[in-house]
Amino acid sequence: MDSFTVAILGAYGVGKTALALRFALNSHNGELQLRPIYRRVQPTVREYRRKVMVDGRRCEVHIIQIWGDGKLDGRAGLCIERAHGFLLVYSISSRATFNQVEGFRQMVVRAKGSIPPMIVVGNKLDEEREITVEEAGELAARFGCPLAETSTLTAENVNRVFVDLARMLRNTAGGPEPVDRKNKHKGTSCVIV
Ligand SMILES: Nc1nc2c(ncn2[C@@H]2O[C@H](COP(=O)(O)OP(=O)(O)OP(=O)(O)O)[C@@H](O)[C@H]2O)c(=O)[nH]1
Ligand SMILES: [Mg+2]
């Protein structure tokens with residue numbers, strides 16, 4: 001079974017922990033409500049795992065390191081080293097968090113010495129929009145990576161963003177592709193809105 005490690009980066013309060021919890025815990029309980037999730041939110045480093053089907057094949061997604069200060073210290077560097085793929089998260093209702101996305105990407109590229117698979121993720125899709133899909137799409141296009149918009153409140157696109165990143169990682173790793181594959185979201189032009 002493929003196993004990928006994903007790191008979630010983004011400014012304080014964009015919903016990094018909520019994304020990890022929504023993805024990891026929703027797998028076994030579709031009834032999971034928002035409040036119980038957020039009671040469990042902790043502003044610290046936590047690790048989560050979930051097995052998902054990606055194009056008909058099981059895949060384990062291991063989520064590591066969730067932090068908000070954007071400093072490339074030793075701990076952050078180690079986590080980036082361990083991670084195969086990255087979610088660069090901002091809040092669609094906060095320009096300040098959008099403005100920090102580029103810095104997080106640079107931190108990853110600097111630490112890795114290469115450009116790993118990434119997805120730019122605009123979270124809090126249920127809130128009033130300050131960042132348009134167009135400008136976020138321009139940023140993602142400049143990075144050469146997909147854009148997704150999510151809400152951990154409604155769960156919209158949350159699973160999909162992890163599955164799409166896992167697919168990108170599998171394709172990057174050069175693994176064999178299943179014959180029945182129907183992948184509409186392959187490649188870097190994918191925009192999930
Ligand atoms: N409306 C709405 N609120 C959200 C969403 N995702 C997260 N939140 C809220 O945003 C706040 C911050 O969420 P966290 O998941 O703790 O954010 P974080 O990025 O992990 O924050 P730090 O670890 O402090 O950097 C919480 O009050 C959540 O309830 C969302 O999709 N919609
Ligand atoms: Mg957090």
# chains A, B, ... in the order shown; residues from 1 in each chain; ligands from 1
>>> residues_around(residues="Tyr90 of chain A", least_positions_apart="4", cutoff="7 Å", atoms="only C-alpha atoms", output="PyMOL selection string")
chain A and resi 10-11+14+97-98+101+121-123
>>> write_last_selection(atoms="N, CA and C atoms", output="PDB file, in the first residue's frame")
ATOM      1  N   GLY A  10       0.345  27.022   6.966  1.00  0.00           N
ATOM      2  CA  GLY A  10      -0.473  28.205   6.756  1.00  0.00           C
ATOM      3  C   GLY A  10      -0.447  29.082   7.989  1.00  0.00           C
ATOM      4  N   ALA A  11      -0.969  30.282   7.831  1.00  0.00           N
ATOM      5  CA  ALA A  11      -0.958  31.261   8.914  1.00  0.00           C
ATOM      6  C   ALA A  11      -1.793  30.778  10.101  1.00  0.00           C
ATOM      7  N   VAL A  14      -6.014  29.482  10.197  1.00  0.00           N
ATOM      8  CA  VAL A  14      -6.655  29.270   8.890  1.00  0.00           C
ATOM      9  C   VAL A  14      -7.457  27.981   8.829  1.00  0.00           C
ATOM     10  N   THR A  97      -3.921  36.241   5.601  1.00  0.00           N
ATOM     11  CA  THR A  97      -3.454  34.843   5.542  1.00  0.00           C
ATOM     12  C   THR A  97      -3.086  34.453   4.109  1.00  0.00           C
ATOM     13  N   PHE A  98      -3.803  35.024   3.141  1.00  0.00           N
ATOM     14  CA  PHE A  98      -3.489  34.766   1.728  1.00  0.00           C
ATOM     15  C   PHE A  98      -2.096  35.299   1.399  1.00  0.00           C
ATOM     16  N   VAL A 101       0.889  32.965   2.037  1.00  0.00           N
ATOM     17  CA  VAL A 101       1.044  31.670   1.360  1.00  0.00           C
ATOM     18  C   VAL A 101       2.394  31.566   0.653  1.00  0.00           C
ATOM     19  N   VAL A 121      -4.667  25.805  -0.751  1.00  0.00           N
ATOM     20  CA  VAL A 121      -6.007  25.514  -0.223  1.00  0.00           C
ATOM     21  C   VAL A 121      -6.606  26.763   0.435  1.00  0.00           C
ATOM     22  N   GLY A 122      -7.696  27.240  -0.125  1.00  0.00           N
ATOM     23  CA  GLY A 122      -8.442  28.340   0.483  1.00  0.00           C
ATOM     24  C   GLY A 122      -9.521  27.748   1.372  1.00  0.00           C
ATOM     25  N   ASN A 123      -9.322  27.800   2.660  1.00  0.00           N
ATOM     26  CA  ASN A 123     -10.289  27.203   3.601  1.00  0.00           C
ATOM     27  C   ASN A 123     -11.307  28.261   4.059  1.00  0.00           C
TER      28      ASN A 123
END
>>> residues_around(residues="Val52 of chain A", least_positions_apart="2", cutoff="9 Å", atoms="only C-alpha atoms", output="MDAnalysis selection string")
chainID A and resid 27 50 54 57:61 159 163
>>> closest_residue(among="A:Arg167, A:Pro116, A:Thr132, A:Arg95", to="Gly144 of chain A", atoms="only C-alpha atoms")
A:Pro116
>>> closest_residue(among="A:Phe4, A:Tyr12, A:Tyr48, A:Phe143", to="ligand 1", atoms="only C-alpha atoms and all ligand atoms")
A:Tyr12
>>> atom_distance(atom1="atom CA of Glu156 of chain A", atom2="atom 32 (N, counted along the ligand's line) of ligand 1")
10.0 Å
>>> atom_distance(atom1="atom CA of Phe104 of chain A", atom2="atom CA of Thr150 of chain A")
18.7 Å
>>> closest_residue(among="A:Glu149, A:Asp55, A:Asp2, A:Glu134", to="ligand 1", atoms="only C-alpha atoms and all ligand atoms")
A:Glu149
>>> residues_around(residues="segment 81-87 of chain A", least_positions_apart="5", cutoff="9 Å", atoms="only C-alpha atoms", output="PyMOL selection string")
chain A and resi 4-10+16+62-65+76+105+108+111-112+116-121+161-162+165-166+168-169
>>> select_by_dssp(residues="segment 49-174 of chain A", states="strand (DSSP E)", output="VMD selection string")
chain A and resid 49 to 54 57 to 67 85 to 91 118 to 123 147 to 149
